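*Asks:* Data file input24.cif (mmCIF, C-alpha atoms) is appended below.
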```cif
data_coords
loop_
_atom_site.group_PDB
_atom_site.id
_atom_site.type_symbol
_atom_site.label_atom_id
_atom_site.label_comp_id
_atom_site.auth_asym_id
_atom_site.auth_seq_id
_atom_site.Cartn_x
_atom_site.Cartn_y
_atom_site.Cartn_z
ATOM 1 C CA MET B 1 9.453 -16.392 2.710
ATOM 2 C CA SER B 2 8.452 -13.396 0.624
ATOM 3 C CA ARG B 3 10.195 -10.048 0.988
ATOM 4 C CA ILE B 4 7.080 -8.791 2.793
ATOM 5 C CA ALA B 5 7.076 -11.692 5.250
ATOM 6 C CA ASN B 6 10.793 -11.236 5.828
ATOM 7 C CA ALA B 7 10.330 -7.521 6.510
ATOM 8 C CA PHE B 8 7.595 -8.126 9.072
ATOM 9 C CA ALA B 9 9.551 -10.957 10.710
ATOM 10 C CA ARG B 10 12.592 -8.718 11.068
ATOM 11 C CA LEU B 11 10.519 -5.887 12.515
ATOM 12 C CA LYS B 12 8.805 -8.214 14.974
ATOM 13 C CA SER B 13 12.170 -9.515 16.172
ATOM 14 C CA GLU B 14 13.260 -5.915 16.699
ATOM 15 C CA GLY B 15 10.026 -4.931 18.479
ATOM 16 C CA ARG B 16 9.234 -2.341 15.796
ATOM 17 C CA LYS B 17 6.219 -1.481 13.659
ATOM 18 C CA ALA B 18 6.131 -1.324 9.871
ATOM 19 C CA LEU B 19 5.848 1.967 8.034
ATOM 20 C CA ILE B 20 4.096 1.671 4.677
ATOM 21 C CA PRO B 21 3.849 4.823 2.532
ATOM 22 C CA PHE B 22 1.629 5.045 -0.541
ATOM 23 C CA ILE B 23 2.400 7.113 -3.625
ATOM 24 C CA THR B 24 0.731 7.209 -7.011
ATOM 25 C CA ALA B 25 3.074 6.043 -9.762
ATOM 26 C CA GLY B 26 3.914 8.914 -12.081
ATOM 27 C CA ASP B 27 2.862 11.681 -9.707
ATOM 28 C CA PRO B 28 3.740 14.476 -9.320
ATOM 29 C CA TYR B 29 6.536 14.041 -11.891
ATOM 30 C CA PRO B 30 6.827 10.822 -13.908
ATOM 31 C CA ASP B 31 10.602 10.962 -13.960
ATOM 32 C CA ALA B 32 10.703 11.259 -10.155
ATOM 33 C CA THR B 33 8.793 8.121 -9.161
ATOM 34 C CA VAL B 34 11.785 5.811 -8.754
ATOM 35 C CA GLU B 35 13.755 8.545 -7.004
ATOM 36 C CA ILE B 36 10.866 9.049 -4.565
ATOM 37 C CA MET B 37 10.688 5.304 -3.916
ATOM 38 C CA HIS B 38 14.369 5.228 -2.992
ATOM 39 C CA ALA B 39 13.904 8.285 -0.779
ATOM 40 C CA LEU B 40 11.009 6.629 1.039
ATOM 41 C CA ALA B 41 13.128 3.558 1.714
ATOM 42 C CA GLN B 42 16.058 5.656 2.876
ATOM 43 C CA GLY B 43 13.738 7.623 5.159
ATOM 44 C CA GLY B 44 12.549 4.499 6.923
ATOM 45 C CA ALA B 45 9.778 2.919 4.859
ATOM 46 C CA ASP B 46 9.544 -0.839 5.325
ATOM 47 C CA VAL B 47 7.139 -1.544 2.441
ATOM 48 C CA ILE B 48 6.166 0.771 -0.428
ATOM 49 C CA GLU B 49 2.655 0.776 -1.849
ATOM 50 C CA LEU B 50 2.737 2.016 -5.426
ATOM 51 C CA GLY B 51 -0.618 3.124 -6.768
ATOM 52 C CA VAL B 52 -1.582 2.200 -10.325
ATOM 53 C CA PRO B 53 -3.364 5.237 -11.812
ATOM 54 C CA PHE B 54 -7.013 4.646 -12.697
ATOM 55 C CA SER B 55 -9.742 6.972 -13.919
ATOM 56 C CA ASP B 56 -12.417 5.842 -11.429
ATOM 57 C CA PRO B 57 -10.739 5.085 -8.090
ATOM 58 C CA MET B 58 -13.800 4.413 -5.932
ATOM 59 C CA ALA B 59 -11.979 4.113 -2.611
ATOM 60 C CA ASP B 60 -9.892 7.243 -2.996
ATOM 61 C CA GLY B 61 -10.640 10.757 -1.900
ATOM 62 C CA PRO B 62 -9.889 13.970 -3.820
ATOM 63 C CA VAL B 63 -6.141 14.027 -3.109
ATOM 64 C CA ILE B 64 -5.368 10.612 -4.587
ATOM 65 C CA GLN B 65 -8.014 11.002 -7.307
ATOM 66 C CA LYS B 66 -6.206 14.115 -8.530
ATOM 67 C CA ALA B 67 -2.842 12.359 -8.291
ATOM 68 C CA GLY B 68 -4.204 9.607 -10.529
ATOM 69 C CA GLU B 69 -5.550 12.148 -12.997
ATOM 70 C CA ARG B 70 -2.185 13.885 -13.187
ATOM 71 C CA ALA B 71 -0.413 10.578 -13.749
ATOM 72 C CA LEU B 72 -2.869 9.516 -16.459
ATOM 73 C CA LYS B 73 -2.304 12.816 -18.264
ATOM 74 C CA HIS B 74 1.373 11.890 -18.327
ATOM 75 C CA GLY B 75 0.476 8.569 -19.942
ATOM 76 C CA ILE B 76 1.263 6.393 -16.938
ATOM 77 C CA GLY B 77 -0.339 2.978 -17.348
ATOM 78 C CA LEU B 78 0.285 -0.414 -15.840
ATOM 79 C CA ALA B 79 3.192 -1.231 -18.158
ATOM 80 C CA LYS B 80 4.959 1.964 -17.088
ATOM 81 C CA VAL B 81 4.283 1.206 -13.422
ATOM 82 C CA LEU B 82 5.999 -2.156 -13.813
ATOM 83 C CA GLU B 83 8.891 -0.372 -15.500
ATOM 84 C CA PHE B 84 9.221 1.869 -12.429
ATOM 85 C CA VAL B 85 9.386 -1.208 -10.200
ATOM 86 C CA ARG B 86 12.048 -2.835 -12.411
ATOM 87 C CA SER B 87 14.157 0.294 -12.217
ATOM 88 C CA PHE B 88 13.767 0.544 -8.437
ATOM 89 C CA ARG B 89 14.561 -3.143 -7.990
ATOM 90 C CA SER B 90 17.783 -2.841 -9.963
ATOM 91 C CA THR B 91 19.393 -1.072 -7.005
ATOM 92 C CA ASP B 92 17.114 -1.964 -4.081
ATOM 93 C CA ARG B 93 16.763 -5.711 -3.653
ATOM 94 C CA ASN B 94 15.264 -5.595 -0.159
ATOM 95 C CA THR B 95 12.381 -3.121 0.179
ATOM 96 C CA PRO B 96 9.065 -4.830 -0.643
ATOM 97 C CA VAL B 97 6.833 -3.181 -3.242
ATOM 98 C CA VAL B 98 3.065 -3.658 -3.319
ATOM 99 C CA LEU B 99 0.982 -2.588 -6.299
ATOM 100 C CA MET B 100 -2.321 -1.082 -5.201
ATOM 101 C CA GLY B 101 -5.055 -0.396 -7.688
ATOM 102 C CA TYR B 102 -8.250 -1.490 -9.356
ATOM 103 C CA ALA B 103 -9.424 -4.423 -11.417
ATOM 104 C CA ASN B 104 -9.932 -2.671 -14.746
ATOM 105 C CA PRO B 105 -6.261 -1.964 -15.610
ATOM 106 C CA VAL B 106 -5.233 -5.471 -14.519
ATOM 107 C CA GLU B 107 -7.954 -7.211 -16.512
ATOM 108 C CA ARG B 108 -7.251 -5.109 -19.566
ATOM 109 C CA TYR B 109 -3.570 -6.005 -19.263
ATOM 110 C CA GLY B 110 -4.480 -9.675 -18.853
ATOM 111 C CA LEU B 111 -4.486 -11.467 -15.507
ATOM 112 C CA GLN B 112 -1.916 -14.159 -16.252
ATOM 113 C CA ARG B 113 0.314 -11.740 -18.122
ATOM 114 C CA PHE B 114 0.064 -9.288 -15.236
ATOM 115 C CA VAL B 115 1.042 -11.889 -12.647
ATOM 116 C CA ALA B 116 4.050 -13.018 -14.702
ATOM 117 C CA ASP B 117 5.204 -9.497 -15.509
ATOM 118 C CA ALA B 118 4.726 -8.283 -11.946
ATOM 119 C CA LYS B 119 6.916 -11.105 -10.678
ATOM 120 C CA ALA B 120 9.563 -10.414 -13.325
ATOM 121 C CA ALA B 121 9.585 -6.699 -12.443
ATOM 122 C CA GLY B 122 10.184 -7.371 -8.739
ATOM 123 C CA VAL B 123 6.726 -6.756 -7.289
ATOM 124 C CA ASP B 124 6.088 -8.491 -3.948
ATOM 125 C CA GLY B 125 2.381 -8.064 -3.333
ATOM 126 C CA VAL B 126 -0.815 -6.930 -5.044
ATOM 127 C CA LEU B 127 -3.864 -5.233 -3.554
ATOM 128 C CA ILE B 128 -6.807 -4.842 -5.918
ATOM 129 C CA VAL B 129 -9.389 -2.687 -4.172
ATOM 130 C CA ASP B 130 -12.426 -3.969 -6.065
ATOM 131 C CA TYR B 131 -11.581 -7.679 -5.963
ATOM 132 C CA PRO B 132 -13.619 -8.957 -3.013
ATOM 133 C CA PRO B 133 -12.313 -12.193 -1.515
ATOM 134 C CA GLU B 134 -15.358 -14.103 -2.747
ATOM 135 C CA GLU B 135 -14.310 -13.381 -6.323
ATOM 136 C CA ALA B 136 -10.547 -13.392 -5.939
ATOM 137 C CA GLU B 137 -9.586 -16.912 -4.934
ATOM 138 C CA ALA B 138 -8.318 -17.820 -8.415
ATOM 139 C CA PHE B 139 -6.411 -14.529 -8.673
ATOM 140 C CA ALA B 140 -4.894 -15.033 -5.229
ATOM 141 C CA ALA B 141 -3.854 -18.554 -6.198
ATOM 142 C CA ALA B 142 -2.263 -17.271 -9.407
ATOM 143 C CA LEU B 143 -0.292 -14.702 -7.405
ATOM 144 C CA ARG B 144 0.915 -17.331 -4.980
ATOM 145 C CA THR B 145 2.233 -19.507 -7.816
ATOM 146 C CA GLN B 146 4.685 -16.658 -8.443
ATOM 147 C CA ALA B 147 5.390 -16.098 -4.727
ATOM 148 C CA LEU B 148 3.437 -12.817 -4.797
ATOM 149 C CA ASP B 149 1.335 -11.895 -1.772
ATOM 150 C CA PRO B 150 -2.396 -11.260 -2.323
ATOM 151 C CA ILE B 151 -3.342 -8.446 0.047
ATOM 152 C CA PHE B 152 -6.920 -7.614 0.988
ATOM 153 C CA LEU B 153 -8.847 -4.822 2.641
ATOM 154 C CA LEU B 154 -10.931 -5.041 5.786
ATOM 155 C CA ALA B 155 -13.219 -2.270 6.998
ATOM 156 C CA PRO B 156 -15.182 -1.267 10.102
ATOM 157 C CA THR B 157 -18.207 -2.877 8.455
ATOM 158 C CA SER B 158 -16.488 -6.225 7.769
ATOM 159 C CA SER B 159 -18.302 -9.193 9.246
ATOM 160 C CA GLU B 160 -16.662 -12.048 11.115
ATOM 161 C CA GLU B 161 -17.392 -14.199 8.070
ATOM 162 C CA ARG B 162 -15.559 -11.756 5.784
ATOM 163 C CA MET B 163 -12.589 -11.649 8.147
ATOM 164 C CA GLU B 164 -12.452 -15.438 8.216
ATOM 165 C CA ARG B 165 -12.623 -15.689 4.412
ATOM 166 C CA ILE B 166 -9.837 -13.156 3.967
ATOM 167 C CA GLY B 167 -7.781 -14.909 6.614
ATOM 168 C CA LYS B 168 -7.802 -18.042 4.476
ATOM 169 C CA ILE B 169 -6.431 -16.444 1.291
ATOM 170 C CA ALA B 170 -4.468 -13.340 2.323
ATOM 171 C CA SER B 171 -0.713 -13.287 2.754
ATOM 172 C CA GLY B 172 1.846 -10.575 3.385
ATOM 173 C CA TYR B 173 -0.491 -8.429 5.473
ATOM 174 C CA VAL B 174 -4.078 -7.257 5.546
ATOM 175 C CA TYR B 175 -4.977 -3.607 5.216
ATOM 176 C CA TYR B 176 -7.581 -2.404 7.702
ATOM 177 C CA VAL B 177 -9.422 0.671 6.416
ATOM 178 C CA SER B 178 -9.906 2.600 9.632
ATOM 179 C CA LEU B 179 -12.732 4.855 8.413
ATOM 180 C CA LYS B 180 -16.115 4.490 6.769
ATOM 181 C CA GLY B 181 -15.042 6.758 3.965
ATOM 182 C CA VAL B 182 -12.417 7.387 1.314
ATOM 183 C CA THR B 183 -8.680 7.959 1.542
ATOM 184 C CA GLY B 184 -7.737 11.250 3.114
ATOM 185 C CA ALA B 185 -10.850 11.488 5.284
ATOM 186 C CA GLY B 186 -10.422 12.824 8.798
ATOM 187 C CA HIS B 187 -11.750 12.034 12.258
ATOM 188 C CA LEU B 188 -9.732 8.896 12.859
ATOM 189 C CA ASP B 189 -10.920 7.202 16.053
ATOM 190 C CA THR B 190 -7.890 5.373 17.374
ATOM 191 C CA ALA B 191 -9.893 3.854 20.224
ATOM 192 C CA ALA B 192 -12.214 2.226 17.699
ATOM 193 C CA VAL B 193 -9.203 0.898 15.796
ATOM 194 C CA ALA B 194 -7.826 -0.565 19.017
ATOM 195 C CA GLU B 195 -11.117 -2.391 19.600
ATOM 196 C CA VAL B 196 -11.347 -4.007 16.172
ATOM 197 C CA ILE B 197 -7.734 -5.209 15.730
ATOM 198 C CA PRO B 198 -8.138 -8.122 18.206
ATOM 199 C CA ARG B 199 -11.265 -9.230 16.300
ATOM 200 C CA ILE B 200 -9.303 -9.271 13.059
ATOM 201 C CA ARG B 201 -6.431 -11.203 14.628
ATOM 202 C CA LYS B 202 -8.800 -13.990 15.658
ATOM 203 C CA HIS B 203 -9.294 -14.758 11.968
ATOM 204 C CA VAL B 204 -6.126 -13.480 10.280
ATOM 205 C CA SER B 205 -2.654 -14.840 10.925
ATOM 206 C CA VAL B 206 -0.738 -12.272 8.845
ATOM 207 C CA PRO B 207 0.182 -8.801 10.153
ATOM 208 C CA VAL B 208 -2.491 -6.109 10.267
ATOM 209 C CA GLY B 209 -1.733 -2.709 8.773
ATOM 210 C CA VAL B 210 -3.992 0.299 9.323
ATOM 211 C CA GLY B 211 -4.548 3.142 6.886
ATOM 212 C CA PHE B 212 -6.938 5.977 5.939
ATOM 213 C CA GLY B 213 -6.882 9.128 8.056
ATOM 214 C CA ILE B 214 -3.288 8.885 9.319
ATOM 215 C CA ARG B 215 -1.736 12.253 8.648
ATOM 216 C CA ASP B 216 1.009 12.947 11.171
ATOM 217 C CA ALA B 217 3.502 11.455 13.583
ATOM 218 C CA ALA B 218 1.152 11.540 16.576
ATOM 219 C CA THR B 219 -1.648 9.686 14.796
ATOM 220 C CA ALA B 220 0.809 7.201 13.310
ATOM 221 C CA GLN B 221 2.207 6.509 16.770
ATOM 222 C CA ALA B 222 -1.264 5.969 18.265
ATOM 223 C CA VAL B 223 -2.263 3.577 15.485
ATOM 224 C CA GLY B 224 1.086 1.807 15.511
ATOM 225 C CA ALA B 225 0.664 1.076 19.197
ATOM 226 C CA VAL B 226 -2.265 -1.263 18.431
ATOM 227 C CA SER B 227 -1.384 -2.564 14.941
ATOM 228 C CA ASP B 228 1.535 -4.137 13.099
ATOM 229 C CA ALA B 229 1.870 -1.443 10.441
ATOM 230 C CA VAL B 230 0.856 2.102 9.620
ATOM 231 C CA VAL B 231 -0.088 3.065 6.059
ATOM 232 C CA ILE B 232 0.165 6.716 5.030
ATOM 233 C CA GLY B 233 -0.987 7.878 1.611
ATOM 234 C CA SER B 234 -3.001 11.065 1.160
ATOM 235 C CA ARG B 235 -0.847 13.243 3.405
ATOM 236 C CA LEU B 236 2.312 12.154 1.605
ATOM 237 C CA VAL B 237 0.735 12.767 -1.802
ATOM 238 C CA GLN B 238 -0.346 16.221 -0.614
ATOM 239 C CA LEU B 239 3.162 17.076 0.487
ATOM 240 C CA LEU B 240 4.697 15.985 -2.790
ATOM 241 C CA GLU B 241 2.210 17.583 -5.170
ATOM 242 C CA VAL B 242 3.238 21.118 -4.194
ATOM 243 C CA GLN B 243 6.986 20.538 -4.368
ATOM 244 C CA PRO B 244 9.217 21.612 -7.229
ATOM 245 C CA ARG B 245 10.842 18.702 -9.023
ATOM 246 C CA ASP B 246 14.159 19.023 -7.202
ATOM 247 C CA ASN B 247 12.546 18.846 -3.766
ATOM 248 C CA VAL B 248 10.231 15.827 -4.022
ATOM 249 C CA ALA B 249 12.718 13.170 -2.951
ATOM 250 C CA SER B 250 14.078 15.098 0.012
ATOM 251 C CA THR B 251 10.536 15.960 1.133
ATOM 252 C CA ALA B 252 9.527 12.293 0.969
ATOM 253 C CA ALA B 253 12.593 11.202 2.930
ATOM 254 C CA ALA B 254 12.107 13.843 5.622
ATOM 255 C CA PHE B 255 8.442 12.953 6.113
ATOM 256 C CA MET B 256 9.276 9.266 6.384
ATOM 257 C CA ALA B 257 12.028 9.971 8.904
ATOM 258 C CA GLU B 258 9.577 11.946 11.067
ATOM 259 C CA ILE B 259 7.001 9.128 11.080
ATOM 260 C CA ARG B 260 9.684 6.464 11.533
ATOM 261 C CA ALA B 261 11.041 8.243 14.599
ATOM 262 C CA ALA B 262 7.548 8.408 16.117
ATOM 263 C CA LEU B 263 6.888 4.710 15.495
ATOM 264 C CA ASP B 264 10.226 3.755 17.007
ATOM 265 C CA LYS B 265 9.188 5.385 20.293
ATOM 266 C CA ILE B 266 6.355 2.886 20.764
#
```
Could you write out this file's structure as structure tokens?
*Replies:*
Amino acid sequence: MSRIANAFARLKSEGRKALIPFITAGDPYPDATVEIMHALAQGGADVIELGVPFSDPMADGPVIQKAGERALKHGIGLAKVLEFVRSFRSTDRNTPVVLMGYANPVERYGLQRFVADAKAAGVDGVLIVDYPPEEAEAFAAALRTQALDPIFLLAPTSSEERMERIGKIASGYVYYVSLKGVTGAGHLDTAAVAEVIPRIRKHVSVPVGVGFGIRDAATAQAVGAVSDAVVIGSRLVQLLEVQPRDNVASTAAAFMAEIRAALDKI
């Protein structure tokens, strides 16, 4: 089993839900990324999504767009992101790490080289936003040869056919985008999320995580009650971007602890 599968199996046996924070690699301070990752894990994160900075992140709202721009100004590319993972993995052998990003940096790096280097660095899963399942079967197969989980997005507009196709090639978990919008958007309708999760589970055997629009403990708890995992990105990035360098890790840990405590009350 992969680290991701092991994490979800352990949580299921404990009757708990997964907490999955997202940060952009290299933001807000390049030398703080690994420290923040450790703080997230210590605060209660079960899986860490590490964003690969990209100049045209179509699924991301202003908060994560600006985080990517800041990271790119610091020269953070895919090779540096893998270096962050290697450093994190040298002292944390258990917390799964998922790279989340876009096709352009991966294809420029080279698909086969990326898969091999990601495995060597200690990556556990990969989510490429603009790789639809219809065009990603070979990529997913390449990931699986290295025991990496290909993770895919589902949305409120996803058809039954799309759910079924993703169910055949996804592993680790699927990421349900709870809003018809970009990251950081508001107006999360938890009742609508509760209605769609059973539809997804008819086609998908892996755990279902929900993200977009989750900003606080109360919302995380409501979403966690109907899903297997809660993904929080924009709010965490917002909290970190205004912190002085010495405070970013403690802020990340405290925020995770707050959300973890809420999820553990479900």
*Asks:* Considering all atoms listed in the file, can you say which of B:Phe212, B:Phe54, B:Phe152, B:Phe88 comes closest to Ile36 (chain B)?
*Replies:*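 With all atoms listed in the file as the atom set, the closest residue is B:Phe88.
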*Asks:* If the PyMOL selection byres ((chain B and resi 49) around 7) were run on this exact file, what residues would it hold? Put them as a list in words.
*Replies:*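 Applying the PyMOL selection byres ((chain B and resi 49) around 7) to the structure shown produces Ile20, Pro21, Phe22, Ile23, Val47, Ile48, Leu50, Gly51, Val97, Val98, Leu99 and Met100 of chain B.
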*Asks:* Using only C-alpha atoms for the distances, tell me which of B:Asp46, B:Glu83, B:Asp216, B:Asp130 is nearest to Thr95 (chain B).
*Replies:*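 Result for the nearest residue to Thr95 (chain B): B:Asp46.
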*Asks:* Could you jot down the CA of Met163 (chain B) to CA of Ile64 (chain B) separation for me, Å, one decimal place?
*Replies:*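 Taking CA of Met163 (chain B) and CA of Ile64 (chain B), their separation equals 26.6 Å.
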*Asks:* Can you give me, as an MDAnalysis selection string, the residues this file yields under the PyMOL selection byres ((chain B and resi 156) around 8)?
*Replies:* chainID B and resid 154:155 157:158 177:180 196
*Asks:* Just the selected residues (C-alpha atoms), exported as a short mmCIF file (atom, residue, chain, number, x, y, z; two decimals), in the coordinates of the input, please.
*Replies:*
```
data_model
loop_
_atom_site.label_atom_id
_atom_site.label_comp_id
_atom_site.auth_asym_id
_atom_site.auth_seq_id
_atom_site.Cartn_x
_atom_site.Cartn_y
_atom_site.Cartn_z
CA LEU B 154 -10.93 -5.04 5.79
CA ALA B 155 -13.22 -2.27 7.00
CA THR B 157 -18.21 -2.88 8.46
CA SER B 158 -16.49 -6.22 7.77
CA VAL B 177 -9.42 0.67 6.42
CA SER B 178 -9.91 2.60 9.63
CA LEU B 179 -12.73 4.86 8.41
CA LYS B 180 -16.11 4.49 6.77
CA VAL B 196 -11.35 -4.01 16.17
#
```
*Asks:* For region 166-177 of chain B, take all atoms listed in the file, fit an axis-aligned box around them, add 6 Å to each of the six sides, then output centre and edge lengths in Å rounded to one decimal, as AutoDock Vina command-line options.
*Replies:*
```
--center_x -4.0 --center_y -8.7 --center_z 4.5 --size_x 23.7 --size_y 30.7 --size_z 18.4
```
